[in-house]
$ cat structure.cif   # mmCIF, C-alpha atoms
data_work
#
loop_
_atom_site.group_PDB
_atom_site.id
_atom_site.type_symbol
_atom_site.label_atom_id
_atom_site.label_comp_id
_atom_site.auth_asym_id
_atom_site.auth_seq_id
_atom_site.Cartn_x
_atom_site.Cartn_y
_atom_site.Cartn_z
ATOM 1 C CA MET P 1 2.370 23.956 0.257
ATOM 2 C CA SER P 2 -0.593 23.388 2.528
ATOM 3 C CA THR P 3 -4.015 22.668 1.106
ATOM 4 C CA SER P 4 -6.914 24.690 2.524
ATOM 5 C CA LEU P 5 -9.485 22.906 4.660
ATOM 6 C CA GLY P 6 -12.115 23.750 2.042
ATOM 7 C CA ASP P 7 -10.037 22.043 -0.653
ATOM 8 C CA LYS P 8 -9.567 19.036 1.616
ATOM 9 C CA VAL P 9 -13.306 18.740 2.262
ATOM 10 C CA LYS P 10 -13.874 18.881 -1.509
ATOM 11 C CA LYS P 11 -11.227 16.208 -2.071
ATOM 12 C CA ILE P 12 -12.875 13.911 0.493
ATOM 13 C CA ARG P 13 -16.292 14.417 -1.127
ATOM 14 C CA LYS P 14 -15.000 13.823 -4.657
ATOM 15 C CA ASN P 15 -12.999 10.776 -3.568
ATOM 16 C CA ASP P 16 -16.260 9.326 -2.229
ATOM 17 C CA GLY P 17 -17.917 10.072 -5.602
ATOM 18 C CA LEU P 18 -20.678 12.149 -4.028
ATOM 19 C CA THR P 19 -22.440 15.264 -5.209
ATOM 20 C CA GLN P 20 -22.393 18.217 -2.866
ATOM 21 C CA LEU P 21 -26.010 17.490 -1.888
ATOM 22 C CA LYS P 22 -25.370 13.791 -1.132
ATOM 23 C CA PHE P 23 -22.264 14.647 0.895
ATOM 24 C CA CYS P 24 -24.230 17.223 2.903
ATOM 25 C CA GLU P 25 -26.926 14.663 3.644
ATOM 26 C CA LYS P 26 -24.303 12.149 4.686
ATOM 27 C CA VAL P 27 -22.491 14.430 7.163
ATOM 28 C CA ASP P 28 -25.513 16.535 8.197
ATOM 29 C CA MET P 29 -24.329 19.838 6.746
ATOM 30 C CA LYS P 30 -26.132 22.622 4.897
ATOM 31 C CA LEU P 31 -25.457 22.800 1.162
ATOM 32 C CA GLY P 32 -24.643 26.510 1.266
ATOM 33 C CA THR P 33 -22.104 25.864 4.018
ATOM 34 C CA LEU P 34 -20.336 23.208 1.955
ATOM 35 C CA LYS P 35 -20.294 25.407 -1.153
ATOM 36 C CA GLY P 36 -18.710 28.195 0.871
ATOM 37 C CA TYR P 37 -16.023 25.820 2.120
ATOM 38 C CA GLU P 38 -15.263 24.339 -1.274
ATOM 39 C CA LEU P 39 -15.001 27.777 -2.908
ATOM 40 C CA ASN P 40 -12.789 28.924 -0.004
ATOM 41 C CA GLN P 41 -15.258 31.716 0.696
ATOM 42 C CA SER P 42 -15.604 30.708 4.339
ATOM 43 C CA GLU P 43 -13.488 28.912 6.912
ATOM 44 C CA VAL P 44 -14.396 25.347 7.811
ATOM 45 C CA SER P 45 -15.897 25.424 11.288
ATOM 46 C CA SER P 46 -14.793 23.154 14.117
ATOM 47 C CA LEU P 47 -18.297 21.637 14.172
ATOM 48 C CA SER P 48 -17.981 20.738 10.474
ATOM 49 C CA LEU P 49 -14.533 19.247 11.055
ATOM 50 C CA ILE P 50 -15.985 17.097 13.832
ATOM 51 C CA LYS P 51 -18.926 16.013 11.658
ATOM 52 C CA ILE P 52 -16.645 14.981 8.797
ATOM 53 C CA GLY P 53 -13.776 13.571 10.868
ATOM 54 C CA SER P 54 -16.045 11.495 13.089
ATOM 55 C CA HIS P 55 -18.202 10.069 10.298
ATOM 56 C CA PRO P 56 -17.481 6.316 10.010
ATOM 57 C CA ASP P 57 -16.595 6.632 6.310
ATOM 58 C CA TYR P 58 -14.237 9.571 6.883
ATOM 59 C CA LYS P 59 -12.500 8.815 10.199
ATOM 60 C CA LYS P 60 -9.600 7.494 8.143
ATOM 61 C CA TYR P 61 -8.985 11.065 6.892
ATOM 62 C CA ALA P 62 -9.136 12.819 10.298
ATOM 63 C CA LEU P 63 -5.374 13.136 10.793
ATOM 64 C CA TRP P 64 -4.806 14.319 7.219
ATOM 65 C CA LEU P 65 -7.695 16.758 7.468
ATOM 66 C CA ILE P 66 -6.229 18.608 10.451
ATOM 67 C CA SER P 67 -2.488 18.124 10.005
ATOM 68 C CA ASP P 68 -1.625 17.271 6.365
ATOM 69 C CA SER P 69 -0.005 14.044 7.573
ATOM 70 C CA THR P 70 -0.960 10.394 7.312
ATOM 71 C CA ASP P 71 -0.274 7.259 9.340
ATOM 72 C CA PRO P 72 -1.290 4.267 7.185
ATOM 73 C CA GLU P 73 -0.183 1.736 9.805
ATOM 74 C CA ASN P 74 -2.849 3.166 12.106
ATOM 75 C CA GLY P 75 -5.494 3.551 9.404
ATOM 76 C CA GLN P 76 -5.009 7.289 8.835
ATOM 77 C CA ILE P 77 -4.730 8.073 5.127
ATOM 78 C CA ALA P 78 -5.454 10.847 2.636
ATOM 79 C CA PRO P 79 -8.126 10.589 -0.062
ATOM 80 C CA GLY P 80 -6.744 8.589 -2.964
ATOM 81 C CA ASP P 81 -4.275 6.626 -0.820
ATOM 82 C CA LEU P 82 -4.578 2.873 -0.681
ATOM 83 C CA GLU P 83 -6.536 1.588 2.297
ATOM 84 C CA PRO P 84 -4.320 -0.317 4.769
ATOM 85 C CA GLU P 85 -5.985 -3.598 3.735
ATOM 86 C CA GLN P 86 -5.305 -2.830 0.066
ATOM 87 C CA THR P 87 -1.675 -2.053 0.858
ATOM 88 C CA LYS P 88 -1.257 -5.415 2.601
ATOM 89 C CA LYS P 89 -2.894 -7.194 -0.329
ATOM 90 C CA ALA P 90 -0.620 -5.392 -2.815
ATOM 91 C CA ALA P 91 2.417 -6.359 -0.725
ATOM 92 C CA GLN P 92 1.245 -9.976 -0.699
ATOM 93 C CA LEU P 93 0.929 -9.959 -4.470
ATOM 94 C CA LYS P 94 4.429 -8.566 -4.700
ATOM 95 C CA GLN P 95 5.669 -11.399 -2.460
ATOM 96 C CA GLU P 96 3.994 -13.962 -4.723
ATOM 97 C CA GLU P 97 5.546 -12.329 -7.789
ATOM 98 C CA TYR P 98 8.938 -12.345 -6.075
ATOM 99 C CA GLU P 99 8.660 -16.038 -5.247
ATOM 100 C CA ALA P 100 7.610 -16.894 -8.802
ATOM 101 C CA GLN P 101 10.480 -14.912 -10.331
ATOM 102 C CA ALA P 102 13.005 -16.333 -7.865
ATOM 103 C CA ALA P 103 11.802 -19.870 -8.569
ATOM 104 C CA LYS P 104 12.188 -19.266 -12.306
ATOM 105 C CA VAL P 105 15.768 -17.953 -11.891
ATOM 106 C CA ILE P 106 16.680 -20.927 -9.689
ATOM 107 C CA THR P 107 15.079 -23.360 -12.143
ATOM 108 C CA ASP P 108 17.010 -21.807 -15.022
ATOM 109 C CA ALA P 109 20.256 -22.061 -13.021
ATOM 110 C CA LEU P 110 19.617 -25.717 -12.199
ATOM 111 C CA MET P 111 18.951 -26.471 -15.843
ATOM 112 C CA MET P 112 22.174 -24.681 -16.815
ATOM 113 C CA PHE P 113 24.118 -26.754 -14.250
ATOM 114 C CA CYS P 114 22.708 -29.896 -15.836
ATOM 115 C CA TYR P 115 23.608 -28.622 -19.299
ATOM 116 C CA LEU P 116 27.180 -28.004 -18.118
ATOM 117 C CA ASP P 117 27.223 -31.549 -16.704
ATOM 118 C CA TRP P 118 27.890 -30.239 -13.192
ATOM 119 C CA PHE P 119 25.307 -32.735 -12.072
ATOM 120 C CA THR P 120 22.897 -35.097 -13.707
ATOM 121 C CA ALA P 121 19.197 -34.506 -13.387
ATOM 122 C CA HIS P 122 16.921 -37.433 -12.721
ATOM 123 C CA THR P 123 13.731 -35.916 -14.008
ATOM 124 C CA ASP P 124 11.804 -39.053 -13.141
ATOM 125 C CA LYS P 125 12.666 -38.408 -9.463
ATOM 126 C CA MET P 126 12.543 -34.620 -9.257
ATOM 127 C CA GLU P 127 10.847 -31.562 -10.660
ATOM 128 C CA PHE P 128 12.997 -28.489 -11.205
ATOM 129 C CA ASP P 129 10.193 -26.189 -10.033
ATOM 130 C CA ASP P 130 9.817 -28.079 -6.751
ATOM 131 C CA CYS P 131 13.572 -28.039 -6.250
ATOM 132 C CA ALA P 132 13.649 -24.290 -6.909
ATOM 133 C CA LYS P 133 10.905 -23.693 -4.319
ATOM 134 C CA LEU P 134 12.812 -25.724 -1.723
ATOM 135 C CA LEU P 135 16.023 -23.818 -2.418
ATOM 136 C CA LEU P 136 14.208 -20.495 -2.127
ATOM 137 C CA LYS P 137 12.675 -21.600 1.173
ATOM 138 C CA ASP P 138 16.149 -22.405 2.516
ATOM 139 C CA LEU P 139 17.727 -19.221 1.131
ATOM 140 C CA GLN P 140 14.943 -16.846 2.218
ATOM 141 C CA PRO P 141 16.259 -16.283 5.783
ATOM 142 C CA VAL P 142 19.666 -15.301 4.385
ATOM 143 C CA ILE P 143 18.043 -12.959 1.840
ATOM 144 C CA ASN P 144 15.851 -11.418 4.559
ATOM 145 C CA GLN P 145 18.845 -10.883 6.831
ATOM 146 C CA ARG P 146 20.702 -9.080 4.058
ATOM 147 C CA PHE P 147 17.638 -6.938 3.285
ATOM 148 C CA ASP P 148 17.197 -6.047 6.980
ATOM 149 C CA THR P 149 20.877 -5.101 7.213
ATOM 150 C CA ASP P 150 20.587 -2.841 4.145
ATOM 151 C CA GLN P 151 17.531 -1.132 5.638
ATOM 152 C CA LYS P 152 19.339 -0.511 8.938
ATOM 153 C CA ILE P 153 22.320 0.967 7.098
ATOM 154 C CA GLN P 154 20.009 3.283 5.112
ATOM 155 C CA ALA P 155 18.270 4.371 8.319
ATOM 156 C CA ILE P 156 21.618 5.201 9.932
ATOM 157 C CA LYS P 157 22.771 7.143 6.879
ATOM 158 C CA SER P 158 19.558 9.176 6.699
ATOM 159 C CA ALA P 159 19.572 9.986 10.445
#
$ encode --input "structure.cif" --output "structure tokens"
Amino acid sequence: MSTSLGDKVKKIRKNDGLTQLKFCEKVDMKLGTLKGYELNQSEVSSLSLIKIGSHPDYKKYALWLISDSTDPENGQIAPGDLEPEQTKKAAQLKQEEYEAQAAKVITDALMMFCYLDWFTAHTDKMEFDDCAKLLLKDLQPVINQRFDTDQKIQAIKSA
């Protein structure tokens, strides 16, 4: 279901936390015009679309505003979506969490191997956490290759 242009303009304004008056001042629009758009009493004019879509704070919504689609990789999002920079930061945090969890699993496995007497740990010469990080570094290319293969298979299946 497509959202009306008036509803989209309202969503952009509310996402920015602005009153109708402040939004109108920001994009150089008459208050009555905006109210008509937001109440879906009048169609959003091409001039208004240009004013909103070309404003530096709202360029990121231009594609969504006219087509209902987004392209985050190229900076085109919908109100409420994470900014591309925020998405990268969230992905980085996930990578750090992954590395921490993987290091813990590897450390636990190494400790279990020592407990089973599969090898003897010389704790004065090594730290399990450091060893786990080194193992993860060596295993990461193999893990990535497997992940890439799984993604390619999914892409083929969905095509």
$ resolve_selection --input "structure.cif" --expression "the PyMOL selection byres ((chain P and resi 27) around 10)" --output "CSV table (one decimal) with C-alpha atoms, keeping the file's coordinate frame"
chain,number,residue,atom,x,y,z
P,22,LYS,CA,-25.4,13.8,-1.1
P,23,PHE,CA,-22.3,14.6,0.9
P,24,CYS,CA,-24.2,17.2,2.9
P,25,GLU,CA,-26.9,14.7,3.6
P,26,LYS,CA,-24.3,12.1,4.7
P,28,ASP,CA,-25.5,16.5,8.2
P,29,MET,CA,-24.3,19.8,6.7
P,30,LYS,CA,-26.1,22.6,4.9
P,48,SER,CA,-18.0,20.7,10.5
P,50,ILE,CA,-16.0,17.1,13.8
P,51,LYS,CA,-18.9,16.0,11.7
P,52,ILE,CA,-16.6,15.0,8.8
P,53,GLY,CA,-13.8,13.6,10.9
P,54,SER,CA,-16.0,11.5,13.1
P,55,HIS,CA,-18.2,10.1,10.3
P,56,PRO,CA,-17.5,6.3,10.0
P,57,ASP,CA,-16.6,6.6,6.3
P,58,TYR,CA,-14.2,9.6,6.9
$ closest_residue --input "structure.cif" --among "P:Asp81, P:Glu97, P:Glu43, P:Asp71" --to "Gly6 (chain P)" --atoms "all atoms listed in the file"
P:Glu43
$ atom_distance --input "structure.cif" --atom1 "CA of Glu99 (chain P)" --atom2 "CA of Leu116 (chain P)"
25.5 Å
$ resolve_selection --input "structure.cif" --expression "the PyMOL selection byres ((chain P and resi 4) around 12)" --output "JSON list (two decimals) with C-alpha atoms, in the frame of the given file"
[["chain", "number", "residue", "atom", "x", "y", "z"],
["P", 1, "MET", "CA", 2.37, 23.96, 0.26],
["P", 2, "SER", "CA", -0.59, 23.39, 2.53],
["P", 3, "THR", "CA", -4.01, 22.67, 1.11],
["P", 5, "LEU", "CA", -9.48, 22.91, 4.66],
["P", 6, "GLY", "CA", -12.12, 23.75, 2.04],
["P", 7, "ASP", "CA", -10.04, 22.04, -0.65],
["P", 8, "LYS", "CA", -9.57, 19.04, 1.62],
["P", 9, "VAL", "CA", -13.31, 18.74, 2.26],
["P", 10, "LYS", "CA", -13.87, 18.88, -1.51],
["P", 11, "LYS", "CA", -11.23, 16.21, -2.07],
["P", 37, "TYR", "CA", -16.02, 25.82, 2.12],
["P", 38, "GLU", "CA", -15.26, 24.34, -1.27],
["P", 39, "LEU", "CA", -15.00, 27.78, -2.91],
["P", 40, "ASN", "CA", -12.79, 28.92, 0.00],
["P", 41, "GLN", "CA", -15.26, 31.72, 0.70],
["P", 42, "SER", "CA", -15.60, 30.71, 4.34],
["P", 43, "GLU", "CA", -13.49, 28.91, 6.91],
["P", 44, "VAL", "CA", -14.40, 25.35, 7.81],
["P", 64, "TRP", "CA", -4.81, 14.32, 7.22],
["P", 65, "LEU", "CA", -7.70, 16.76, 7.47],
["P", 66, "ILE", "CA", -6.23, 18.61, 10.45],
["P", 67, "SER", "CA", -2.49, 18.12, 10.01],
["P", 68, "ASP", "CA", -1.62, 17.27, 6.36]]
$ resolve_selection --input "structure.cif" --expression "the PyMOL selection byres ((chain P and resi 134-146) around 8)" --output "list in words"
Glu99, Ala102, Ala103, Ile106, Asp130, Cys131, Ala132, Lys133, Phe147, Asp148, Thr149 and Asp150 of chain P
$ atom_distance --input "structure.cif" --atom1 "CA of Asp108 (chain P)" --atom2 "CA of Asp129 (chain P)"
9.5 Å
$ atom_distance --input "structure.cif" --atom1 "CA of Arg13 (chain P)" --atom2 "CA of Glu73 (chain P)"
23.2 Å
